$ cat data35.cif   # mmCIF, C-alpha atoms and all ligand atoms
data_query
loop_
_atom_site.label_atom_id
_atom_site.label_comp_id
_atom_site.auth_asym_id
_atom_site.auth_seq_id
_atom_site.Cartn_x
_atom_site.Cartn_y
_atom_site.Cartn_z
CA MET A 1 258.74 0.16 -155.61
CA ASN A 2 260.83 3.06 -156.85
CA ILE A 3 261.71 5.10 -153.78
CA HIS A 4 263.24 7.90 -155.81
CA GLN A 5 259.98 8.41 -157.72
CA LEU A 6 257.98 8.44 -154.50
CA PHE A 7 260.42 10.89 -152.94
CA GLN A 8 259.94 13.22 -155.91
CA LEU A 9 256.18 12.89 -155.49
CA GLN A 10 256.52 13.63 -151.79
CA LYS A 11 258.46 16.81 -152.54
CA LEU A 12 255.68 17.92 -154.89
CA ASP A 13 252.98 17.08 -152.37
CA THR A 14 254.81 18.94 -149.61
CA GLU A 15 255.10 21.99 -151.84
CA ILE A 16 251.40 21.76 -152.70
CA ASP A 17 250.48 21.43 -149.00
CA ASP A 18 252.63 24.43 -148.08
CA LYS A 19 251.15 26.56 -150.82
CA LYS A 20 247.60 25.56 -149.90
CA LYS A 21 248.28 26.47 -146.28
CA ARG A 22 249.73 29.81 -147.29
CA LEU A 23 246.77 30.46 -149.60
CA GLY A 24 244.42 29.89 -146.67
CA GLU A 25 246.39 32.39 -144.61
CA VAL A 26 246.42 34.93 -147.42
CA LEU A 27 242.66 34.61 -147.89
CA LYS A 28 242.09 34.98 -144.17
CA ALA A 29 244.38 38.01 -143.99
CA GLN A 30 242.17 39.71 -146.56
CA ASN A 31 239.25 39.85 -144.16
CA GLU A 32 238.50 43.49 -143.45
CA PRO A 33 240.33 44.69 -140.32
CA PRO A 34 238.26 45.83 -137.30
CA ALA A 35 239.08 49.50 -137.95
CA LEU A 36 237.59 49.32 -141.45
CA ARG A 37 234.52 47.42 -140.26
CA ALA A 38 234.04 50.03 -137.53
CA ALA A 39 234.32 52.86 -140.09
CA ARG A 40 231.72 51.15 -142.29
CA GLN A 41 229.42 50.71 -139.31
CA ARG A 42 229.82 54.36 -138.33
CA ALA A 43 228.89 55.53 -141.85
CA GLU A 44 225.81 53.29 -141.89
CA THR A 45 224.68 54.54 -138.48
CA ALA A 46 225.23 58.14 -139.61
CA VAL A 47 222.96 57.65 -142.64
CA ALA A 48 220.21 56.09 -140.49
CA GLU A 49 220.49 58.85 -137.91
CA LEU A 50 220.31 61.59 -140.55
CA GLN A 51 217.24 60.01 -142.13
CA LYS A 52 215.59 59.69 -138.75
CA TRP A 53 216.00 63.39 -137.93
CA GLN A 54 215.07 64.53 -141.43
CA THR A 55 211.82 62.59 -141.19
CA LYS A 56 211.17 63.92 -137.70
CA HIS A 57 211.78 67.49 -138.87
CA GLN A 58 209.52 67.00 -141.87
CA ASN A 59 206.68 65.56 -139.78
CA LEU A 60 206.90 68.37 -137.23
CA THR A 61 206.86 70.97 -139.98
CA LEU A 62 203.74 69.39 -141.47
CA GLU A 63 202.13 69.40 -138.07
CA VAL A 64 202.91 73.12 -137.57
CA ASN A 65 201.45 73.88 -141.00
CA SER A 66 198.32 71.98 -140.14
CA LEU A 67 197.96 73.91 -136.88
CA ASN A 68 198.45 77.18 -138.76
CA THR A 69 195.64 76.31 -141.13
CA LYS A 70 193.33 75.38 -138.27
CA ALA A 71 194.13 78.59 -136.36
CA LYS A 72 193.63 80.66 -139.50
CA ASN A 73 190.22 79.10 -140.15
CA SER A 74 189.14 79.75 -136.56
CA GLU A 75 190.38 83.35 -136.76
CA ASN A 76 188.52 83.92 -140.01
CA ARG A 77 185.40 82.65 -138.39
CA LEU A 78 185.95 84.69 -135.23
CA TYR A 79 186.35 87.94 -137.17
CA SER A 80 183.86 87.15 -139.88
CA GLY A 81 181.03 88.83 -138.03
CA LYS A 82 178.87 85.84 -138.68
CA VAL A 83 179.33 84.43 -135.20
CA THR A 84 177.37 86.38 -132.61
CA ASN A 85 176.73 83.79 -129.90
CA PRO A 86 179.02 84.87 -126.96
CA LYS A 87 179.58 81.23 -125.92
CA GLU A 88 180.73 80.29 -129.40
CA LEU A 89 182.91 83.38 -129.68
CA SER A 90 184.55 82.56 -126.37
CA ASP A 91 185.12 78.95 -127.44
CA LEU A 92 186.71 80.10 -130.69
CA GLN A 93 189.01 82.43 -128.80
CA HIS A 94 190.07 79.65 -126.45
CA GLU A 95 190.67 77.32 -129.35
CA ILE A 96 192.88 79.88 -131.09
CA GLU A 97 194.86 80.40 -127.90
CA SER A 98 195.23 76.70 -127.36
CA LEU A 99 196.36 76.19 -130.97
CA GLY A 100 198.86 79.01 -130.50
CA ARG A 101 200.36 77.34 -127.44
CA ARG A 102 200.64 74.00 -129.18
CA LYS A 103 202.17 75.67 -132.22
CA SER A 104 204.74 77.45 -130.07
CA ALA A 105 205.75 74.18 -128.39
CA LEU A 106 205.92 72.42 -131.75
CA GLU A 107 208.07 75.17 -133.23
CA ASP A 108 210.57 74.60 -130.46
CA GLU A 109 210.64 70.94 -131.42
CA VAL A 110 211.10 71.86 -135.10
CA LEU A 111 214.12 73.95 -134.18
CA GLU A 112 215.54 71.14 -132.04
CA ALA A 113 215.02 68.68 -134.88
CA LEU A 114 216.73 71.06 -137.28
CA VAL A 115 219.77 71.25 -134.99
CA MET A 116 219.81 67.44 -134.88
CA VAL A 117 219.58 67.26 -138.69
CA GLU A 118 222.58 69.58 -138.97
CA ASP A 119 224.55 67.57 -136.42
CA ALA A 120 223.67 64.32 -138.18
CA GLN A 121 224.67 65.82 -141.52
CA ALA A 122 228.05 66.83 -140.11
CA GLU A 123 228.56 63.38 -138.58
CA LYS A 124 227.65 61.72 -141.90
CA THR A 125 230.17 63.86 -143.78
CA ALA A 126 232.87 63.02 -141.23
CA ALA A 127 231.97 59.32 -141.23
CA ASP A 128 232.02 59.16 -145.05
CA GLU A 129 235.44 60.80 -145.16
CA ALA A 130 236.80 58.44 -142.50
CA LEU A 131 235.43 55.45 -144.38
CA GLU A 132 236.94 56.61 -147.65
CA THR A 133 240.32 56.98 -145.98
CA ALA A 134 240.05 53.56 -144.30
CA VAL A 135 239.06 51.87 -147.59
CA ALA A 136 241.93 53.50 -149.48
CA GLN A 137 244.38 52.50 -146.76
CA TRP A 138 243.12 48.91 -146.72
CA ASP A 139 243.21 48.65 -150.53
CA LYS A 140 246.84 49.73 -150.40
CA GLN A 141 247.66 47.33 -147.56
CA SER A 142 245.90 44.34 -149.09
CA ALA A 143 247.15 44.84 -152.66
CA HIS A 144 250.19 42.64 -152.01
CA LEU A 145 247.93 39.95 -150.48
CA LYS A 146 245.76 39.95 -153.57
CA ALA A 147 248.86 39.65 -155.74
CA GLU A 148 250.20 36.79 -153.61
CA GLN A 149 246.83 35.06 -153.78
CA ASN A 150 246.94 35.15 -157.58
CA GLU A 151 250.52 33.89 -157.67
CA LEU A 152 249.69 31.03 -155.29
CA ALA A 153 246.61 30.01 -157.25
CA LEU A 154 248.60 29.93 -160.47
CA ALA A 155 251.51 28.02 -158.90
CA LEU A 156 249.12 25.51 -157.30
CA HIS A 157 247.40 24.92 -160.61
CA LYS A 158 250.73 24.13 -162.27
CA LEU A 159 251.96 21.95 -159.38
CA MET A 160 248.79 19.92 -159.37
CA GLN A 161 249.06 19.34 -163.11
CA THR A 162 252.64 18.13 -162.65
CA ARG A 163 251.60 15.97 -159.72
CA LYS A 164 248.87 14.34 -161.78
CA THR A 165 251.26 13.54 -164.61
CA ARG A 166 253.95 12.24 -162.28
CA ALA A 167 251.53 10.01 -160.33
CA THR A 168 250.62 8.15 -163.53
CA THR A 169 254.24 6.96 -163.86
CA ILE A 170 254.11 5.24 -160.45
CA ASP A 171 252.59 1.77 -159.97
CA ALA A 172 249.23 1.63 -158.23
CA THR A 173 250.34 -0.44 -155.22
CA SER A 174 253.23 1.86 -154.37
CA LEU A 175 251.01 4.86 -154.83
CA GLN A 176 248.41 3.41 -152.54
CA GLU A 177 250.92 2.67 -149.83
CA TYR A 178 252.38 6.14 -150.20
CA GLU A 179 248.95 7.79 -149.85
CA GLN A 180 248.12 5.63 -146.84
CA LEU A 181 251.40 6.47 -145.13
CA ARG A 182 250.96 10.17 -145.90
CA LYS A 183 247.63 10.14 -144.12
CA GLN A 184 249.12 8.47 -141.06
CA LYS A 185 252.26 10.61 -140.92
CA HIS A 186 250.87 14.12 -141.18
CA GLY A 187 251.47 14.41 -144.91
CA LEU A 188 255.05 13.18 -144.80
CA ALA A 189 255.45 9.59 -146.08
CA VAL A 190 258.92 9.70 -147.62
CA VAL A 191 261.78 11.54 -145.97
CA GLY A 192 265.42 12.09 -146.80
CA LEU A 193 268.31 10.57 -144.92
CA ARG A 194 271.13 13.00 -144.15
CA VAL A 195 274.22 10.88 -143.56
CA ASN A 196 272.55 8.63 -140.96
CA MET A 197 269.83 10.95 -139.66
CA CYS A 198 266.14 10.56 -140.55
CA LEU A 199 264.89 14.02 -141.56
CA GLY A 200 261.38 13.05 -140.51
CA CYS A 201 262.12 12.53 -136.82
CA ARG A 202 265.81 13.48 -136.44
CA THR A 203 266.89 10.12 -135.03
CA THR A 204 269.93 8.27 -136.34
CA VAL A 205 269.61 4.96 -138.11
CA SER A 206 271.94 1.95 -138.31
CA ALA A 207 274.70 1.52 -140.85
CA ASN A 208 272.75 -1.33 -142.44
CA THR A 209 269.76 0.94 -142.95
CA VAL A 210 271.97 3.61 -144.52
CA LYS A 211 273.38 1.00 -146.88
CA ALA A 212 269.93 -0.24 -147.86
CA VAL A 213 268.73 3.31 -148.50
CA ASP A 214 271.76 4.00 -150.66
CA GLU A 215 270.93 0.91 -152.67
CA GLY A 216 267.43 2.29 -153.24
CA ARG A 217 265.69 -0.44 -151.30
CA LYS A 218 262.41 -0.02 -149.47
CA VAL A 219 263.39 0.86 -145.90
CA TYR A 220 261.40 2.41 -143.08
CA CYS A 221 262.73 4.56 -140.28
CA GLY A 222 262.54 2.36 -137.18
CA ASP A 223 261.47 5.34 -135.12
CA CYS A 224 258.86 7.32 -137.11
CA GLY A 225 257.93 4.61 -139.59
CA ARG A 226 258.42 6.74 -142.68
CA LEU A 227 260.00 5.53 -145.89
CA LEU A 228 263.62 6.62 -146.18
CA ALA A 229 265.23 7.99 -149.31
CA ALA A 230 268.73 9.12 -150.17
CA LEU A 231 269.00 12.89 -150.55
ZN ZN B 301 262.20 8.86 -138.70
#
$ encode --input "data35.cif" --output "structure tokens"
Amino acid sequence: MNIHQLFQLQKLDTEIDDKKKRLGEVLKAQNEPPALRAARQRAETAVAELQKWQTKHQNLTLEVNSLNTKAKNSENRLYSGKVTNPKELSDLQHEIESLGRRKSALEDEVLEALVMVEDAQAEKTAADEALETAVAQWDKQSAHLKAEQNELALALHKLMQTRKTRATTIDATSLQEYEQLRKQKHGLAVVGLRVNMCLGCRTTVSANTVKAVDEGRKVYCGDCGRLLAAL
């Protein structure tokens, strides 16, 4: 087993792990902030509200037109001179009056709906402007995240290529043990020894261990169980 080779591999793997972690954070940070989501929601609601009142206004207007036609037909008949039966004349008169009352009430509703359409239109304009501002602000804020994401992806690609090449120069048994240890020790299988301190767990090791590490022998930290390598 060549400890130095494994230590080099460990450094690569640590760098890859760090970059992957950072990439995850950068991706997560690019989720739209609540303020932007709220602005989007407001704009969507404004569109729906405007459509609702426009439709309402349109339907009421159609209804008023239909009442107008009915009233006009009844009036024509009333004044046509063709109707002479007093009962029928009286009925026609009542119908015209009744239509007039309904029309008057409906016209009030039309006006109300029109006011609502105007309000909804104003809200939509305001909501669209707010959304545009929020989007522009977020694009500006997140531009550096996007750039970092691209840099990380590129760096990771290169590191993984290097890792692949380097792993082929290490014997299978050592590699297997290294991978196994990495899994058990939270990604850190080989650690440096600074003077007589294990950099994996910060405990000091014996002089014999230091000597063995310096000689490049396979030595484990008695405390954390990681392989030790000279810095
Ligand atoms: Zn240790």
$ residues_around --input "data35.cif" --residues "Ala153 of chain A" --least-positions-apart "3" --cutoff "9 Å" --atoms "all atoms listed in the file" --output "mmCIF file with C-alpha atoms, keeping the file's coordinate frame"
data_model
loop_
_atom_site.group_PDB
_atom_site.id
_atom_site.type_symbol
_atom_site.label_atom_id
_atom_site.label_comp_id
_atom_site.auth_asym_id
_atom_site.auth_seq_id
_atom_site.Cartn_x
_atom_site.Cartn_y
_atom_site.Cartn_z
ATOM 1 C CA LYS A 19 251.150 26.560 -150.820
ATOM 2 C CA LYS A 20 247.600 25.560 -149.900
ATOM 3 C CA LEU A 23 246.770 30.460 -149.600
ATOM 4 C CA GLU A 148 250.200 36.790 -153.610
ATOM 5 C CA GLN A 149 246.830 35.060 -153.780
ATOM 6 C CA ASN A 150 246.940 35.150 -157.580
ATOM 7 C CA LEU A 156 249.120 25.510 -157.300
ATOM 8 C CA HIS A 157 247.400 24.920 -160.610
ATOM 9 C CA LYS A 158 250.730 24.130 -162.270
#
$ residues_around --input "data35.cif" --residues "Glu179 of chain A" --least-positions-apart "6" --cutoff "12 Å" --atoms "all atoms listed in the file" --output "PDB file with C-alpha atoms, in the coordinates of the input"
ATOM      1  CA  LEU A   6     257.980   8.440-154.500  1.00  0.00           C
ATOM      2  CA  LEU A   9     256.180  12.890-155.490  1.00  0.00           C
ATOM      3  CA  GLN A  10     256.520  13.630-151.790  1.00  0.00           C
ATOM      4  CA  ASP A  13     252.980  17.080-152.370  1.00  0.00           C
ATOM      5  CA  ALA A 167     251.530  10.010-160.330  1.00  0.00           C
ATOM      6  CA  ALA A 172     249.230   1.630-158.230  1.00  0.00           C
ATOM      7  CA  THR A 173     250.340  -0.440-155.220  1.00  0.00           C
ATOM      8  CA  LYS A 185     252.260  10.610-140.920  1.00  0.00           C
ATOM      9  CA  HIS A 186     250.870  14.120-141.180  1.00  0.00           C
ATOM     10  CA  GLY A 187     251.470  14.410-144.910  1.00  0.00           C
ATOM     11  CA  LEU A 188     255.050  13.180-144.800  1.00  0.00           C
ATOM     12  CA  ALA A 189     255.450   9.590-146.080  1.00  0.00           C
ATOM     13  CA  VAL A 190     258.920   9.700-147.620  1.00  0.00           C
ATOM     14  CA  ARG A 226     258.420   6.740-142.680  1.00  0.00           C
ATOM     15  CA  LEU A 227     260.000   5.530-145.890  1.00  0.00           C
TER      16      LEU A 227
END
$ residues_near_ligand --input "data35.cif" --ligand "ligand ZN 301 (chain B)" --cutoff "12 Å" --atoms "all atoms listed in the file" --output "number ranges by chain"
A: 185, 188-194, 196-206, 209, 219-229
$ atom_distance --input "data35.cif" --atom1 "atom CA of Asn73 of chain A" --atom2 "atom CA of His57 of chain A"
24.5 Å
$ atom_distance --input "data35.cif" --atom1 "atom CA of Ser98 of chain A" --atom2 "atom CA of Thr69 of chain A"
13.8 Å
$ closest_residue --input "data35.cif" --among "A:Gly100, A:Glu129, A:Val195, A:Ala29" --to "Ala143 of chain A" --atoms "all atoms listed in the file"
A:Ala29
$ residues_around --input "data35.cif" --residues "segment 90-94 of chain A" --least-positions-apart "5" --cutoff "10 Å" --atoms "all atoms listed in the file" --output "list in words"
Ala71, Ser74, Glu75, Arg77, Leu78, Val83, Asn85, Leu99 and Gly100 of chain A
$ axis_aligned_box --input "data35.cif" --around "segment 97-103 of chain A" --padding-each-side "3 Å" --output "lines of an AutoDock Vina configuration file"
center_x = 198.5
center_y = 77.2
center_z = -129.8
size_x = 13.3
size_y = 12.4
size_z = 10.9
$ closest_residue --input "data35.cif" --among "A:Ser174, A:Gln161, A:Gln184, A:Gln141" --to "Glu32 of chain A" --atoms "all atoms listed in the file"
A:Gln141
$ atom_distance --input "data35.cif" --atom1 "atom CA of Asn65 of chain A" --atom2 "atom CA of Trp53 of chain A"
18.2 Å
$ closest_residue --input "data35.cif" --among "A:Ala130, A:Glu112, A:Ala39, A:Phe7" --to "Tyr178 of chain A" --atoms "only C-alpha atoms"
A:Phe7
$ closest_residue --input "data35.cif" --among "A:Leu159, A:Val110, A:Ala147, A:Leu67" --to "Glu97 of chain A" --atoms "only C-alpha atoms"
A:Leu67
$ closest_residue --input "data35.cif" --among "A:Lys218, A:Lys124, A:Lys21, A:Lys28" --to "Thr45 of chain A" --atoms "all atoms listed in the file"
A:Lys124
